[in-house]
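Below you'll find the structure, written out as structure tokens, and then a few comments.
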Amino acid sequence: MAGISYFVRGVAGEMKKIINDPNAFVDEALDGILGAHPTMLKAVSADRRAIARADAPIKGHVGIVTGGGSGHLPLFLGYVGVGLCTAVAVGNVFSSPSSEQILAATRAAHGGTGVLYLYGNYGGDVMNFDLAGELAAGEIETDTVVGIDDVASAPPERSSDRRGVAGLFFAYKCAGAAAESGLPLAGVAAAARSAAANTRSMGVGLSPTILPAAGKPTFELGPDEMEIGIGIHGERGIRRGRLESADQIAGDLLEKIAADLRLSRGDAVAVLVNGLGATPLEELYVLYRHVRRTLDGMGVAVRRTYVGEFATSLEMAGASLSVMRLDDDLARLLHAPARSPFFRE
Amino acid sequence: MAGISYFVRGVAGEMKKIINDPNAFVDEALDGILGAHPTMLKAVSADRRAIARADAPIKGHVGIVTGGGSGHLPLFLGYVGVGLCTAVAVGNVFSSPSSEQILAATRAAHGGTGVLYLYGNYGGDVMNFDLAGELAAGEIETDTVVGIDDVASAPPERSSDRRGVAGLFFAYKCAGAAAESGLPLAGVAAAARSAAANTRSMGVGLSPTILPAAGKPTFELGPDEMEIGIGIHGERGIRRGRLESADQIAGDLLEKIAADLRLSRGDAVAVLVNGLGATPLEELYVLYRHVRRTLDGMGVAVRRTYVGEFATSLEMAGASLSVMRLDDDLARLLHAPARSPFFRE
Amino acid sequence: MTGAELRILLDRALDLVGKNEDELRDLDSAIGDGDLGITVSRGAEAARKSIAAMPSASTPSEIIRTLATTIASANPSSFTALVATGLLAASRSVADRESLTAADVLTMAQQAVPAIAKRGKAEVGDKTVLDALVPSVAALEANTSEGALDAMIAAARKGIDDTAGGVSRKGRAAWLGERTIGHPDPGATAYLRFLEALERARSELRA
Amino acid sequence: MTGAELRILLDRALDLVGKNEDELRDLDSAIGDGDLGITVSRGAEAARKSIAAMPSASTPSEIIRTLATTIASANPSSFTALVATGLLAASRSVADRESLTAADVLTMAQQAVPAIAKRGKAEVGDKTVLDALVPSVAALEANTSEGALDAMIAAARKGIDDTAGGVSRKGRAAWLGERTIGHPDPGATAYLRFLEALERARSELRA
Ligand SMILES: Nc1ncnc2c1ncn2[C@@H]1O[C@H](COP(=O)(O)OP(=O)(O)O)[C@@H](O)[C@H]1O
Ligand SMILES: Nc1ncnc2c1ncn2[C@@H]1O[C@H](COP(=O)(O)OP(=O)(O)O)[C@@H](O)[C@H]1O
Ligand SMILES: [Mg+2]
Ligand SMILES: [Mg+2]
Ligand SMILES: [Mg+2]
Ligand SMILES: [Mg+2]
């Protein structure tokens, strides 16, 4: 059975946004967030683009700084909190933050024992984080781990070129728990690295998204097409095909991920089914259902399940699957308490 | 400044769903949910359409049963948990559950001290809950409170005809806390009634939604139009107008709500900005920003803030605002702990 | 009419009424959510099965009760809650009867109507199933003899036609307000089709 | 060239380069996210302000450092990180100079190039700003006399033209793969426009 694509007269090709000045979109959203959660978050730069948990820096604890473009909530800002990241630098929609903003976040996160940079592998972000790290050098020790979970973005032999998508959540959760437990920078970085190394993701896009300031879609898709392996900015995936059924999509994504992770009978995993924006929660659970059945059939134990929006692409329709293979350490770190305005464990 | 409507070539009027057989959509989503959260939820009828928190019934505690059509997650099932509802009856998309399913939920929720029916004011739901209550009569004492928070759905003099929308969340939270504290049925019903009486909501729709089984949009909107006062099934609102800016929309919604609630300087409130499905979280915070500023200016204290998806309409684009006026009791109940797979306080 | 006779009649009438699925879907699509066709066809199908599975000694009251609960569950909706409510009231009113007389049928109808009106908090003129039901029961009151069913059908049809030009005031259709003008009420039509199915089933069985 | 002279030159060149906003937006729209026009125009505008606000005794190194940090912050992106990286390296290489000689300018360029390549992990041929930068600096090495800037411009333009037919291998454009064939690199074009702006500013100031 194929998936279903409906044609709607009267809504032809429109995408409507509830915004004011498109150029003020990010700053107004941040203003709303800071106003809504004053006990949990605070701005730590004059332009309010560097934001830290309210009690940062935590003396003696390693700081974790993340960042990236806007339009992906709860990524990245949503993972600043207790047991998660310490601070974030917020870029414009789908654009890197500046090295200055990252530096401000770094200073706010530094509790005396260094800072881990933990973010997704995108050119602009990498360059600006690297530059910030150089600017901080001497003052603050930094290390860097980038999320490279998107199996569709490069073949295994070039896995370090892969992009970071929703699976970054697992790295945040594990590194955040490690930092909260008081581990030194090397230990926090090792937790992040282990989480990242054991995580794979892949997504499918059903509709594009529009950048508020640019006003044009990030890509175009035929009326009954989907993009398999799409990135969270609408990056091209592995192939474009006819929209398939939920079970086929779930099966395709899991197959790629399981092969890349070399999942085998007896493994334990955490599963994250992530919505890219417009796709209803009900559909995410329909996907999860097939993923779960398939893993059960493979003899892979699902120890933790997350279903919802963890890394979005504005109003894009679609979903992604992330799987992290668990060892005892990762299982313990994943289970640790965490609390931000957007996530609670 | 007006809001922005973008025209996208190549996505003309399509709406794509990640599903299998449209007629199996609800049961497959439930299967996914039950599989994902076995420690928190359990099916309590053979058709698995009646679902209760895993530890139900709670001996000596009043049960709270809710229910309604599917397609609104986290409403209704998402509010079954500790400090929330005890059980739910799940209908087809946008359709009432049956009286049998409600009866099964009622029996599963009954801890010996009766059951409160708490749901939104929709004809089919009211008839089926009433019928279920009659079927349970003699066996289980029931009382009923319906959510009627949507100010756009009827004028103040016919407020009991109003529909229940996202503001139902406040009633769940307060009644759930009351039940968890061991209050008798009359006390739990009083908490629900007080929450409902002090809550008003209003929404704006930017795009329609498509029922998986029907395959046609619930309504049609022009390319730069919005429906002000829309219901969560796409019910017509107060007026249809040009898409406005976020600040204008927020101002309009708040004005109606504040007038109907007779909010005045010195009042304390909880605010909920709810996304209807496709609208990004960033946009919800842009709305919240203006609501918050306006309330601050009115001298109304915002004691609690909720921003996110609490009551959706599949993939509809749009948002709603709900405000509950707080007294000491409601503030305390709202603050109490709660835990479900979809909500944690 | 004995339980056995009632079962045969209902089985045939339910089979016939299910064939109106497309019409009812279209009527409900126009001013509702389009599910009434499925509600009626699935409900009828499920009811035939449940009734067939009942012990052969079941009383008319038991059969009608099974009809009620099965329809209520097959594809739940507003209409099924109303139908179940009416049928349960009807079933209760003849609980002690082994066999139904014409007077019993009238009693059943007279019990069902106010139960349905109360359940729906509706009145005649709200453009609901009541606008076919109420005049048809009035016709039955006036004439419990042979031609009663034809009179009921005529009255129901007239009730539907008379209200089609008005505004729906209850249920999902009420959300559309003025846009319902000119559309006949789907639930009332479903009731009319059931009366027609009964009439045809009766003729067939007699022949 | 003293700090005071450098400020005047940069002020005019930055003013001129900002006028390429539309062209750069279109180029970046074709194979990127379309923000390069704004990045360059806002960056240039902000840099003019910051430099104007500096003490009059500022050294060339300080001025170039301010240029770097201002551009990095005005509208952050990949390109600004690269530009800032190159300018910071250049600034450091002349930290002790009160005034710049032609040899100093060459040193600055020679320091900037590897810093940028390292930052971007890119090579010549990846169809990035390096494909204009590297040949233009080679032209400067070959000729630090009067006509150097013209030679740099010609080399940069040739580098862009020579790579337009290839595939973008770095940054956002690389996501589009084959679809980038035929499109000149936006960042390289921005660099070319800056060289042209410098050349025009210099002629104007001489006249
Ligand atoms: N409150 C009411 N009172 C009486 N009849 C009603 C009421 N609400 C709906 N109906 C009847 O039910 C029919 C619609 O049934 P159905 O399709 O099951 O509704 P829904 O799909 O909205 O639950 C209407 O045409 C009308 O005859
Ligand atoms: N890794 C890289 N190495 C060298 N140059 C790069 C790299 N990535 C991008 N660029 C240059 O930056 C230009 C795009 O700049 P910009 O629009 O700021 O990028 P983005 O919007 O993707 O952050 C490209 O045309 C290219 O010249
Ligand atoms: Mg950019
Ligand atoms: Mg229905
Ligand atoms: Mg219907
Ligand atoms: Mg760009």
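Residues in the structure tokens are named by chain (A, B, ... in the order shown) and by number from 1 within that chain; ligands are numbered from 1 in the order shown.
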| Which residues come within 12 Å of Leu100 (chain D), counting only C-alpha atoms, excluding same-chain residues fewer than 4 positions away, as a ChimeraX atom specification? | /D:1-6,59-61,63-64,90-91,93-96,104-108
Would you write out those residues with all heavy atoms, as a short mmCIF file (atom, residue, chain, number, x, y, z; two decimals), in the first residue's frame?
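The result, stored in selection.cif:
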data_model
loop_
_atom_site.label_atom_id
_atom_site.label_comp_id
_atom_site.auth_asym_id
_atom_site.auth_seq_id
_atom_site.Cartn_x
_atom_site.Cartn_y
_atom_site.Cartn_z
N MET D 1 51.54 52.88 3.50
CA MET D 1 50.19 53.40 3.79
C MET D 1 50.01 53.48 5.31
O MET D 1 50.15 52.49 6.02
CB MET D 1 49.14 52.47 3.17
CG MET D 1 47.74 52.95 3.33
SD MET D 1 46.62 52.10 2.15
CE MET D 1 47.18 50.42 2.21
N THR D 2 49.68 54.64 5.81
CA THR D 2 49.46 54.81 7.25
C THR D 2 48.07 54.31 7.63
O THR D 2 47.21 54.06 6.76
CB THR D 2 49.53 56.30 7.64
OG1 THR D 2 48.45 56.96 6.97
CG2 THR D 2 50.86 56.91 7.23
N GLY D 3 47.84 54.23 8.92
CA GLY D 3 46.51 53.86 9.40
C GLY D 3 45.46 54.84 8.88
O GLY D 3 44.39 54.44 8.42
N ALA D 4 45.78 56.11 8.92
CA ALA D 4 44.81 57.13 8.48
C ALA D 4 44.48 56.93 7.01
O ALA D 4 43.31 57.01 6.59
CB ALA D 4 45.39 58.53 8.73
N GLU D 5 45.50 56.64 6.20
CA GLU D 5 45.27 56.42 4.77
C GLU D 5 44.44 55.14 4.55
O GLU D 5 43.53 55.11 3.72
CB GLU D 5 46.61 56.30 4.03
CG GLU D 5 47.30 57.66 3.84
CD GLU D 5 48.77 57.51 3.47
OE1 GLU D 5 49.34 56.39 3.59
OE2 GLU D 5 49.37 58.52 3.08
N LEU D 6 44.77 54.13 5.30
CA LEU D 6 44.04 52.86 5.18
C LEU D 6 42.56 53.04 5.49
O LEU D 6 41.68 52.51 4.80
CB LEU D 6 44.65 51.81 6.12
CG LEU D 6 43.97 50.43 6.13
CD1 LEU D 6 44.04 49.78 4.74
CD2 LEU D 6 44.64 49.50 7.16
N THR D 59 46.54 51.72 14.52
CA THR D 59 47.49 51.20 13.54
C THR D 59 46.74 50.42 12.46
O THR D 59 45.59 49.99 12.67
CB THR D 59 48.49 50.23 14.19
OG1 THR D 59 47.73 49.11 14.68
CG2 THR D 59 49.23 50.90 15.35
N PRO D 60 47.38 50.18 11.32
CA PRO D 60 46.76 49.35 10.28
C PRO D 60 46.33 48.00 10.85
O PRO D 60 45.24 47.51 10.54
CB PRO D 60 47.87 49.19 9.24
CG PRO D 60 48.71 50.42 9.39
CD PRO D 60 48.66 50.76 10.87
N SER D 61 47.15 47.41 11.68
CA SER D 61 46.81 46.11 12.25
C SER D 61 45.53 46.19 13.07
O SER D 61 44.64 45.32 12.98
CB SER D 61 47.97 45.63 13.13
OG SER D 61 47.62 44.44 13.79
N ILE D 63 43.18 48.38 12.75
CA ILE D 63 42.04 48.66 11.85
C ILE D 63 41.58 47.36 11.18
O ILE D 63 40.38 47.09 11.09
CB ILE D 63 42.46 49.71 10.79
CG1 ILE D 63 42.69 51.05 11.49
CG2 ILE D 63 41.40 49.83 9.70
CD1 ILE D 63 43.45 52.06 10.64
N ILE D 64 42.53 46.57 10.76
CA ILE D 64 42.15 45.32 10.08
C ILE D 64 41.51 44.34 11.07
O ILE D 64 40.59 43.60 10.73
CB ILE D 64 43.37 44.73 9.35
CG1 ILE D 64 43.67 45.64 8.15
CG2 ILE D 64 43.12 43.31 8.88
CD1 ILE D 64 45.02 45.43 7.54
N ALA D 90 46.02 38.21 8.89
CA ALA D 90 46.69 39.34 8.24
C ALA D 90 47.05 40.41 9.27
O ALA D 90 48.18 40.92 9.29
CB ALA D 90 45.78 39.92 7.15
N SER D 91 46.11 40.70 10.13
CA SER D 91 46.33 41.72 11.15
C SER D 91 47.50 41.34 12.05
O SER D 91 48.37 42.16 12.36
CB SER D 91 45.04 41.89 11.97
OG SER D 91 45.29 42.52 13.20
N SER D 93 50.00 39.53 11.32
CA SER D 93 51.28 39.50 10.61
C SER D 93 51.91 40.89 10.50
O SER D 93 53.08 41.00 10.15
CB SER D 93 51.10 38.88 9.22
OG SER D 93 50.44 39.78 8.36
N VAL D 94 51.13 41.93 10.75
CA VAL D 94 51.68 43.29 10.65
C VAL D 94 51.47 44.05 11.96
O VAL D 94 51.36 45.29 11.98
CB VAL D 94 51.05 44.07 9.46
CG1 VAL D 94 51.44 43.40 8.15
CG2 VAL D 94 49.53 44.14 9.59
N ALA D 95 51.41 43.29 13.06
CA ALA D 95 51.05 43.86 14.36
C ALA D 95 51.96 45.02 14.76
O ALA D 95 51.51 45.97 15.41
CB ALA D 95 51.08 42.78 15.43
N ASP D 96 53.23 44.98 14.34
CA ASP D 96 54.17 45.99 14.81
C ASP D 96 54.35 47.16 13.85
O ASP D 96 55.15 48.04 14.07
CB ASP D 96 55.53 45.32 15.06
CG ASP D 96 56.01 44.57 13.83
OD1 ASP D 96 55.20 44.42 12.87
OD2 ASP D 96 57.17 44.13 13.83
N ASP D 104 54.55 44.43 3.11
CA ASP D 104 53.63 44.09 4.21
C ASP D 104 52.30 43.56 3.66
O ASP D 104 51.74 42.60 4.18
CB ASP D 104 53.36 45.32 5.07
CG ASP D 104 54.58 45.74 5.89
OD1 ASP D 104 55.45 44.87 6.14
OD2 ASP D 104 54.65 46.93 6.25
N VAL D 105 51.83 44.20 2.64
CA VAL D 105 50.56 43.77 2.05
C VAL D 105 50.69 42.34 1.53
O VAL D 105 49.81 41.50 1.74
CB VAL D 105 50.11 44.73 0.93
CG1 VAL D 105 48.89 44.19 0.21
CG2 VAL D 105 49.82 46.11 1.52
N LEU D 106 51.81 42.05 0.91
CA LEU D 106 52.04 40.70 0.43
C LEU D 106 52.09 39.71 1.60
O LEU D 106 51.47 38.64 1.57
CB LEU D 106 53.34 40.63 -0.38
CG LEU D 106 53.69 39.23 -0.93
CD1 LEU D 106 52.60 38.72 -1.86
CD2 LEU D 106 55.03 39.27 -1.67
N THR D 107 52.78 40.08 2.65
CA THR D 107 52.84 39.23 3.85
C THR D 107 51.44 38.94 4.38
O THR D 107 51.09 37.80 4.70
CB THR D 107 53.67 39.92 4.95
OG1 THR D 107 54.95 40.22 4.43
CG2 THR D 107 53.79 39.01 6.17
N MET D 108 50.67 40.00 4.48
CA MET D 108 49.29 39.84 4.97
C MET D 108 48.54 38.83 4.12
O MET D 108 47.88 37.91 4.64
CB MET D 108 48.56 41.19 4.93
CG MET D 108 48.96 42.14 6.05
SD MET D 108 48.38 43.85 5.76
CE MET D 108 46.65 43.60 5.52
#
| request: Find the spatial neighbours of region 38-53 of chain C, counting only C-alpha atoms, within a cut-off of 9 Å - ignore same-chain residues fewer than 4 positions away - and output them as a ChimeraX atom specification. | output: /C:7,10-22,24-25,34,63-64,66-77,79-80,190
Output of the above residues as a PDB file, in the first residue's frame, restricted to C-alpha atoms:
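The file below, result-v2.pdb, is the result:
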ATOM      1  CA  ARG C   7     -34.945 -11.294  13.441  1.00  0.00           C
ATOM      2  CA  LEU C  10     -34.436  -6.938  10.704  1.00  0.00           C
ATOM      3  CA  ASP C  11     -31.858  -9.033   8.933  1.00  0.00           C
ATOM      4  CA  ARG C  12     -33.354  -8.169   5.576  1.00  0.00           C
ATOM      5  CA  ALA C  13     -34.017  -4.502   6.419  1.00  0.00           C
ATOM      6  CA  LEU C  14     -30.490  -4.004   7.762  1.00  0.00           C
ATOM      7  CA  ASP C  15     -29.091  -5.544   4.624  1.00  0.00           C
ATOM      8  CA  LEU C  16     -31.117  -3.126   2.513  1.00  0.00           C
ATOM      9  CA  VAL C  17     -30.437   0.001   4.541  1.00  0.00           C
ATOM     10  CA  GLY C  18     -26.670  -0.550   4.280  1.00  0.00           C
ATOM     11  CA  LYS C  19     -26.923  -0.031   0.530  1.00  0.00           C
ATOM     12  CA  ASN C  20     -27.537   3.669   1.093  1.00  0.00           C
ATOM     13  CA  GLU C  21     -23.932   4.198   2.106  1.00  0.00           C
ATOM     14  CA  ASP C  22     -22.970   6.449  -0.808  1.00  0.00           C
ATOM     15  CA  LEU C  24     -25.572   9.126   3.198  1.00  0.00           C
ATOM     16  CA  ARG C  25     -21.860   9.753   2.877  1.00  0.00           C
ATOM     17  CA  GLY C  34     -19.006  12.436   5.732  1.00  0.00           C
ATOM     18  CA  ILE C  63     -32.978  -8.383  20.008  1.00  0.00           C
ATOM     19  CA  ILE C  64     -33.569  -4.644  19.978  1.00  0.00           C
ATOM     20  CA  THR C  66     -28.476  -6.039  20.846  1.00  0.00           C
ATOM     21  CA  LEU C  67     -29.288  -3.927  17.812  1.00  0.00           C
ATOM     22  CA  ALA C  68     -28.766  -0.817  19.953  1.00  0.00           C
ATOM     23  CA  THR C  69     -25.443  -1.785  21.492  1.00  0.00           C
ATOM     24  CA  THR C  70     -23.999  -3.122  18.264  1.00  0.00           C
ATOM     25  CA  ILE C  71     -24.844  -0.012  16.275  1.00  0.00           C
ATOM     26  CA  ALA C  72     -23.499   2.136  19.099  1.00  0.00           C
ATOM     27  CA  SER C  73     -20.097   0.461  18.840  1.00  0.00           C
ATOM     28  CA  ALA C  74     -19.544  -0.359  15.187  1.00  0.00           C
ATOM     29  CA  ASN C  75     -18.659   3.141  14.006  1.00  0.00           C
ATOM     30  CA  PRO C  76     -19.461   5.451  16.886  1.00  0.00           C
ATOM     31  CA  SER C  77     -20.787   8.932  16.230  1.00  0.00           C
ATOM     32  CA  PHE C  79     -26.066   9.375  15.193  1.00  0.00           C
ATOM     33  CA  THR C  80     -25.246   6.033  16.770  1.00  0.00           C
ATOM     34  CA  ALA C 190     -30.877   7.682   7.211  1.00  0.00           C
TER      35      ALA C 190
END
Contacts of chain D with ligand 2 up to 10 Å, shortest pair per row, only C-alpha atoms and all ligand atoms, as a tab-separated table:
residue	atom	partner	partner_atom_place_in_ligand_line	distance
D:Leu24	CA	ligand 2	17 (O)	8.7
D:Arg25	CA	ligand 2	17 (O)	8.5
D:Leu27	CA	ligand 2	25 (O)	8.4
D:Asp28	CA	ligand 2	17 (O)	6.0
D:Ser29	CA	ligand 2	17 (O)	8.8
D:Ile31	CA	ligand 2	25 (O)	8.3
D:Gly32	CA	ligand 2	22 (O)	6.0
D:Asp33	CA	ligand 2	21 (O)	5.5
D:Gly34	CA	ligand 2	17 (O)	6.5
D:Asp35	CA	ligand 2	17 (O)	5.4
D:Leu36	CA	ligand 2	17 (O)	4.2
D:Gly37	CA	ligand 2	17 (O)	7.9
D:Ile38	CA	ligand 2	17 (O)	9.0
D:Thr39	CA	ligand 2	18 (O)	6.7
D:Val40	CA	ligand 2	18 (O)	8.7
D:Asn75	CA	ligand 2	18 (O)	8.6
D:Pro76	CA	ligand 2	18 (O)	7.2
D:Ser77	CA	ligand 2	23 (O)	3.9
D:Ser78	CA	ligand 2	23 (O)	3.7
D:Phe79	CA	ligand 2	18 (O)	3.7
D:Thr80	CA	ligand 2	18 (O)	6.1
D:Ala81	CA	ligand 2	18 (O)	8.0
D:Leu82	CA	ligand 2	5 (N)	6.8
D:Val83	CA	ligand 2	12 (O)	9.2
D:Ile116	CA	ligand 2	4 (C)	6.9
D:Ala117	CA	ligand 2	3 (N)	6.3
D:Lys118	CA	ligand 2	3 (N)	8.1
D:Arg119	CA	ligand 2	3 (N)	6.9
D:Gly120	CA	ligand 2	3 (N)	3.4
D:Lys121	CA	ligand 2	1 (N)	5.7
D:Ala122	CA	ligand 2	3 (N)	4.7
D:Glu123	CA	ligand 2	3 (N)	7.6
D:Val124	CA	ligand 2	4 (C)	9.1
D:Asp126	CA	ligand 2	4 (C)	7.9
D:Lys127	CA	ligand 2	27 (O)	7.0
D:Thr128	CA	ligand 2	27 (O)	3.6
D:Val129	CA	ligand 2	27 (O)	3.8
D:Leu130	CA	ligand 2	4 (C)	6.2
D:Asp131	CA	ligand 2	27 (O)	8.3
D:Ala132	CA	ligand 2	27 (O)	8.9
D:Leu133	CA	ligand 2	27 (O)	9.8
D:Ser168	CA	ligand 2	26 (C)	8.5
D:Arg169	CA	ligand 2	1 (N)	8.2
D:Lys170	CA	ligand 2	1 (N)	4.7
D:Gly171	CA	ligand 2	8 (N)	3.6
D:Arg172	CA	ligand 2	22 (O)	4.6
D:Ala173	CA	ligand 2	24 (C)	7.1
D:Ala174	CA	ligand 2	8 (N)	8.6
D:Pro184	CA	ligand 2	25 (O)	8.4
D:Asp185	CA	ligand 2	25 (O)	4.7
D:Pro186	CA	ligand 2	25 (O)	4.0
D:Gly187	CA	ligand 2	27 (O)	3.3
D:Ala188	CA	ligand 2	27 (O)	5.0
D:Thr189	CA	ligand 2	27 (O)	7.8
D:Ala190	CA	ligand 2	27 (O)	8.2
D:Tyr191	CA	ligand 2	27 (O)	8.6
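Ranking B:Asn92, B:Asp47, B:Ala56, B:Glu28 by their shortest atom-to-atom distance to ligand 5, with only C-alpha atoms and all ligand atoms included, puts B:Asn92 first.
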| field | Long-range neighbours of Lys42 (chain B) as a list in words, 9 Å cut-off, only C-alpha atoms, 6 positions minimum in chain | value | Leu34, Arg48, Ala50, Ile51, Ala52, Arg53, Ala54, Asp55 and Ala56 of chain B
| task | Give the strand (DSSP E) residues of region 210-344 of chain B, as assigned by DSSP on the backbone, as an NGL selection string. | result | :B and (225-228 or 239-242 or 268-275 or 301-308 or 318-325)
Expected file: the selected residues, N, CA and C atoms, as a short mmCIF file (atom, residue, chain, number, x, y, z; two decimals), in the first residue's frame:
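As written to disk, out14.cif reads:
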data_model
loop_
_atom_site.label_atom_id
_atom_site.label_comp_id
_atom_site.auth_asym_id
_atom_site.auth_seq_id
_atom_site.Cartn_x
_atom_site.Cartn_y
_atom_site.Cartn_z
N GLU B 225 -5.49 34.30 3.45
CA GLU B 225 -6.51 34.46 4.48
C GLU B 225 -6.19 33.69 5.75
N MET B 226 -6.84 34.10 6.83
CA MET B 226 -6.83 33.29 8.05
C MET B 226 -8.25 33.29 8.60
N GLU B 227 -8.54 32.26 9.39
CA GLU B 227 -9.86 32.15 10.00
C GLU B 227 -9.68 32.48 11.48
N ILE B 228 -10.31 33.53 11.92
CA ILE B 228 -10.14 33.98 13.30
C ILE B 228 -11.26 33.38 14.15
N ARG B 239 -14.64 35.51 12.11
CA ARG B 239 -14.51 36.15 10.80
C ARG B 239 -13.30 35.58 10.07
N ARG B 240 -13.32 35.80 8.81
CA ARG B 240 -12.21 35.41 7.96
C ARG B 240 -11.58 36.70 7.47
N GLY B 241 -10.27 36.80 7.57
CA GLY B 241 -9.65 38.06 7.16
C GLY B 241 -8.29 37.82 6.57
N ARG B 242 -7.69 38.90 6.13
CA ARG B 242 -6.32 38.82 5.62
C ARG B 242 -5.41 38.40 6.75
N ALA B 268 -4.15 37.44 38.47
CA ALA B 268 -3.04 36.55 38.13
C ALA B 268 -3.58 35.51 37.16
N VAL B 269 -2.77 35.13 36.20
CA VAL B 269 -3.24 34.19 35.18
C VAL B 269 -2.15 33.17 34.82
N ALA B 270 -2.60 32.08 34.22
CA ALA B 270 -1.72 31.17 33.50
C ALA B 270 -2.02 31.35 32.02
N VAL B 271 -0.98 31.30 31.19
CA VAL B 271 -1.13 31.52 29.76
C VAL B 271 -0.66 30.28 29.00
N LEU B 272 -1.44 29.90 28.02
CA LEU B 272 -1.07 28.77 27.16
C LEU B 272 -1.14 29.22 25.70
N VAL B 273 -0.01 29.21 25.01
CA VAL B 273 0.00 29.45 23.57
C VAL B 273 0.19 28.10 22.90
N ASN B 274 -0.82 27.70 22.18
CA ASN B 274 -0.91 26.34 21.65
C ASN B 274 -0.77 26.33 20.13
N GLY B 275 0.05 25.43 19.63
CA GLY B 275 0.16 25.28 18.18
C GLY B 275 -0.83 24.25 17.68
N ALA B 301 -0.70 39.66 36.20
CA ALA B 301 0.52 38.90 36.47
C ALA B 301 0.45 37.53 35.83
N VAL B 302 1.44 37.21 34.99
CA VAL B 302 1.50 35.89 34.37
C VAL B 302 2.28 34.97 35.30
N ARG B 303 1.56 34.07 35.94
CA ARG B 303 2.22 33.20 36.93
C ARG B 303 2.77 31.93 36.31
N ARG B 304 2.12 31.44 35.28
CA ARG B 304 2.62 30.23 34.62
C ARG B 304 2.44 30.37 33.11
N THR B 305 3.42 29.82 32.38
CA THR B 305 3.41 29.95 30.93
C THR B 305 3.59 28.56 30.31
N TYR B 306 2.78 28.27 29.33
CA TYR B 306 2.92 27.03 28.56
C TYR B 306 2.92 27.42 27.09
N VAL B 307 3.94 27.00 26.37
CA VAL B 307 4.01 27.27 24.93
C VAL B 307 4.36 25.96 24.24
N GLY B 308 3.56 25.55 23.31
CA GLY B 308 3.85 24.31 22.60
C GLY B 308 2.57 23.74 22.02
N GLY B 318 -1.67 27.11 12.47
CA GLY B 318 -2.40 28.07 13.26
C GLY B 318 -2.05 27.91 14.72
N ALA B 319 -2.70 28.70 15.53
CA ALA B 319 -2.36 28.71 16.96
C ALA B 319 -3.57 29.16 17.75
N SER B 320 -3.56 28.85 19.02
CA SER B 320 -4.60 29.39 19.90
C SER B 320 -3.97 29.91 21.17
N LEU B 321 -4.72 30.80 21.79
CA LEU B 321 -4.30 31.35 23.08
C LEU B 321 -5.34 30.94 24.11
N SER B 322 -4.89 30.47 25.25
CA SER B 322 -5.78 30.18 26.37
C SER B 322 -5.27 30.92 27.60
N VAL B 323 -6.19 31.45 28.37
CA VAL B 323 -5.82 32.13 29.61
C VAL B 323 -6.71 31.60 30.72
N MET B 324 -6.11 31.23 31.83
CA MET B 324 -6.90 30.85 33.01
C MET B 324 -6.61 31.85 34.11
N ARG B 325 -7.67 32.44 34.65
CA ARG B 325 -7.49 33.32 35.79
C ARG B 325 -7.23 32.43 37.01
#
| Residue neighbourhood Phe169 (chain B), 8 Å, only C-alpha atoms, exclusion window fewer than 3 positions, as a PyMOL selection string | chain B and resi 79+166+172-173+310
For the residues in that selection, give me C-alpha atoms as a CSV table (one decimal), in the first residue's frame.
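Okay, this is what ended up in again15.csv:
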chain,number,residue,atom,x,y,z
B,79,TYR,CA,-3.3,13.7,29.4
B,166,ALA,CA,-6.9,23.8,24.3
B,172,TYR,CA,-7.2,18.3,33.3
B,173,LYS,CA,-4.3,19.7,35.3
B,310,PHE,CA,-1.3,20.9,23.6
| message | Using DSSP secondary structure from the backbone, list all alpha helix (DSSP H) positions within region 8-154 of chain C, as number ranges by chain. | response | C: 8-17, 21-31, 36-52, 60-74, 78-93, 102-120, 130-142, 148-154
| task | Kindly give the distance, in Å, that separates CA of Thr209 (chain A) and CA of Thr86 (chain A), rounded to a single decimal. | result |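 Taking CA of Thr209 (chain A) as the start and CA of Thr86 (chain A) as the end point, the length is 29.5 Å.
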| said: Which residues are near region 59-69 of chain B? Cut-off 7 Å, only C-alpha atoms, ignore same chain within fewer than 5 positions. Put them as a PyMOL selection string. | reply: chain B and resi 76+85-97+105-106+109-119+125+179-180+182+184-185
| task | Determine, counting only C-alpha atoms, which protein, DNA and RNA residues have an atom within 7 Å of an atom of Ala29 (chain A); residues of the same chain fewer than 2 positions away are not included. Present the result as a PyMOL selection string. | result | (chain A and resi 25-27+31-33) or (chain B and resi 282-283+285-286)
